[in-house]
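These notes concern the structure reproduced below.
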Amino acid sequence: MCKHPASVITAVALSLAASAVPAHAQSFLQGSPETIWYGNVRLEGAPAQMFARTGGPDRTGAAFRLGYGIAENFDLEAKSAFFDGVSLVGGDGHFRFYDRRDTLATFTVGGHHAFVSNALDSTALDLAASLGHWFSPRLQVYGGAAYSLERLNDVPENTDRTFSRWYAVPGLRVGLAHRLDLLVEGGVGLNDNSPHYITAGLALNVPASDRAAGRRH
């Protein structure tokens, strides 16, 4: 049992820090459909390689999540990403509505705000759904869809200021230890605003109290 969860989270966050990604990129690791174990804190961090759709440069960067298991099938997560000239912050709620015979399904609702140095800020509504299956106690394969509706701030009313991003999101979750997972995920952009990406990072679950217990599946 970990007696110092805050120090563990800080150490992992520092070890996973990475550099910039393009401002127009999908920035948040979606993660597997299993919600955070009840009473646990989870930190996710992943560097990302982005592949531009409209002639721009490919870039590398990172995204982070920090969440807490509110109930057996519901969690809340803060999300952030740090770019060259762009910072994003937001949050999500994840509800696992199906969990039978090693198969899980989760629906996600959230949003984020982008702070941009030399362009307009934007605010987004984020929606996602994911379906996964445990093929062994340490291997989960999942797939889903992600949608964001973004609105540019400080734009005149008669100007088109909204745009959307669509992604198909396949991924793998591999248990490295009881509370530490490897996440490997790809994003297939389904419109010109959505560059393809691939990520690989870690998810660490830390009990918030001695009574908090996790389960693999």
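Going by the structure tokens order, chains are called A, B, ..., each with residues numbered from 1, while ligands are numbered from 1 in the order shown.
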
Contacts of Gly144 in chain A at 6 Å (only C-alpha atoms; same-chain gap of 3+ positions) as a PyMOL selection string = chain A and resi 129-130+168-169

Residues from last step as file, N, CA and C atoms, as a PDB file, in the first residue's frame:
```
ATOM      1  N   ALA A 129     -17.081   7.832 -26.777  1.00  0.00           N
ATOM      2  CA  ALA A 129     -17.612   6.538 -26.365  1.00  0.00           C
ATOM      3  C   ALA A 129     -16.565   5.490 -26.684  1.00  0.00           C
ATOM      4  N   SER A 130     -16.427   4.485 -25.792  1.00  0.00           N
ATOM      5  CA  SER A 130     -15.376   3.493 -25.964  1.00  0.00           C
ATOM      6  C   SER A 130     -15.876   2.125 -25.532  1.00  0.00           C
ATOM      7  N   ALA A 168     -11.633   8.216 -34.870  1.00  0.00           N
ATOM      8  CA  ALA A 168     -11.745   6.812 -34.478  1.00  0.00           C
ATOM      9  C   ALA A 168     -10.497   6.499 -33.654  1.00  0.00           C
ATOM     10  N   VAL A 169     -10.689   5.831 -32.489  1.00  0.00           N
ATOM     11  CA  VAL A 169      -9.604   5.702 -31.517  1.00  0.00           C
ATOM     12  C   VAL A 169      -9.429   4.236 -31.097  1.00  0.00           C
TER      13      VAL A 169
END
```

Would you please give, as a PyMOL selection string, all residues of range 7-216 of chain A that DSSP assigns to strand (DSSP E) based on the backbone?
-> chain A and resi 40-51+59-71+74-82+86-100+103-116+122-136+139-152+162-177+180-189+196-207

Of the residues A:Asp192, A:Glu72, A:Glu44, A:Glu157, which is the one nearest to Asp99 in chain A, using only C-alpha atoms?
-> A:Glu72

Counting only C-alpha atoms, figure out which residue out of A:Met50, A:Val109, A:Val174, A:Ala81 gets nearest to Ser194 in chain A.
-> A:Met50

Could you tell me how far CA of Ser80 in chain A lies from CA of Ala119 in chain A, in Å and to one decimal?
->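 Calculated distance between CA of Ser80 in chain A and CA of Ala119 in chain A is 18.9 Å.
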
One decimal, Å: what's the distance from CA of Val116 in chain A over to CA of Leu88 in chain A, could you say?
->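 Answer for the CA of Val116 in chain A to CA of Leu88 in chain A separation: 8.7 Å.
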
Would you kindly return, as number ranges by chain, each protein, DNA or RNA residue with an atom no farther than 10 Å from any atom of Gly187 in chain A, considering only C-alpha atoms and excluding same-chain residues fewer than 5 positions away?
-> A: 26, 29-30, 50-51, 143-146, 166-171, 194-199

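Considering only C-alpha atoms, the residue among A:Trp37, A:Ser164, A:Gly61, A:Lys79 positioned nearest to Leu190 in chain A is A:Ser164.
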
Quick one: everything within 12 Å of Ser117 in chain A, counting only C-alpha atoms, minus sequence neighbours fewer than 6 positions away in the same chain. Send it as a compact mmCIF listing (two decimals) with N, CA and C atoms, in the first residue's frame.
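Result went into out-v5.txt, see below:
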```txt
# COMPACT_ATOMS: atom_id res chain seq x y z
N ALA A 23 -0.90 23.49 -32.37
CA ALA A 23 -2.07 24.02 -31.69
C ALA A 23 -3.36 23.39 -32.19
N PHE A 82 0.32 20.94 -22.90
CA PHE A 82 1.16 22.13 -22.97
C PHE A 82 1.91 22.12 -24.30
N PHE A 83 1.64 23.15 -25.10
CA PHE A 83 2.18 23.25 -26.45
C PHE A 83 3.12 24.44 -26.53
N ASP A 84 3.74 24.61 -27.69
CA ASP A 84 4.53 25.79 -27.99
C ASP A 84 3.58 26.95 -28.29
N GLY A 85 3.33 27.76 -27.26
CA GLY A 85 2.42 28.88 -27.43
C GLY A 85 0.98 28.57 -27.16
N VAL A 86 0.67 27.35 -26.78
CA VAL A 86 -0.71 26.95 -26.52
C VAL A 86 -0.76 26.08 -25.27
N SER A 87 -1.69 26.39 -24.37
CA SER A 87 -1.95 25.54 -23.21
C SER A 87 -3.43 25.19 -23.20
N LEU A 88 -3.74 23.93 -22.90
CA LEU A 88 -5.13 23.48 -22.83
C LEU A 88 -5.42 22.90 -21.46
```

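Proximity to Tyr147 in chain A was assessed for A:Asn73, A:Asn193, A:Ser209, A:Ser122 counting only C-alpha atoms; the smallest distance is recorded for A:Asn193.
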
Who sits within 9 Å of Tyr38 in chain A, only C-alpha atoms, same chain under 4 positions skipped, as number ranges by chain = A: 68-75, 207, 212-214

Kindly export the residues of the current selection with C-alpha atoms, as a PDB file, in the first residue's frame.
```
ATOM      1  CA  TYR A  68     -10.533  10.148  -9.066  1.00  0.00           C
ATOM      2  CA  GLY A  69     -12.931   7.202  -8.861  1.00  0.00           C
ATOM      3  CA  ILE A  70     -16.174   8.609  -7.450  1.00  0.00           C
ATOM      4  CA  ALA A  71     -18.060   5.298  -7.689  1.00  0.00           C
ATOM      5  CA  GLU A  72     -17.493   1.810  -9.092  1.00  0.00           C
ATOM      6  CA  ASN A  73     -18.636   2.969 -12.543  1.00  0.00           C
ATOM      7  CA  PHE A  74     -18.039   6.732 -12.532  1.00  0.00           C
ATOM      8  CA  ASP A  75     -14.996   8.995 -12.338  1.00  0.00           C
ATOM      9  CA  PRO A 207      -5.291   4.470  -3.442  1.00  0.00           C
ATOM     10  CA  ALA A 212      -9.527   1.876  -1.290  1.00  0.00           C
ATOM     11  CA  ALA A 213      -9.100  -1.374  -3.246  1.00  0.00           C
ATOM     12  CA  GLY A 214      -8.645  -1.799  -6.983  1.00  0.00           C
TER      13      GLY A 214
END
```

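Of all the residues in chain A, the ones DSSP labels as helix (DSSP H, G or I) from the backbone are Pro5, Ala6, Ser7, Val8, Ile9, Thr10, Ala11, Val12, Ala13, Leu14, Ser15 and Leu16 of chain A.
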
Have a look at CA of Arg42 in chain A and CA of Leu204 in chain A and let me know their distance in Å, one decimal.
-> 5.4 Å
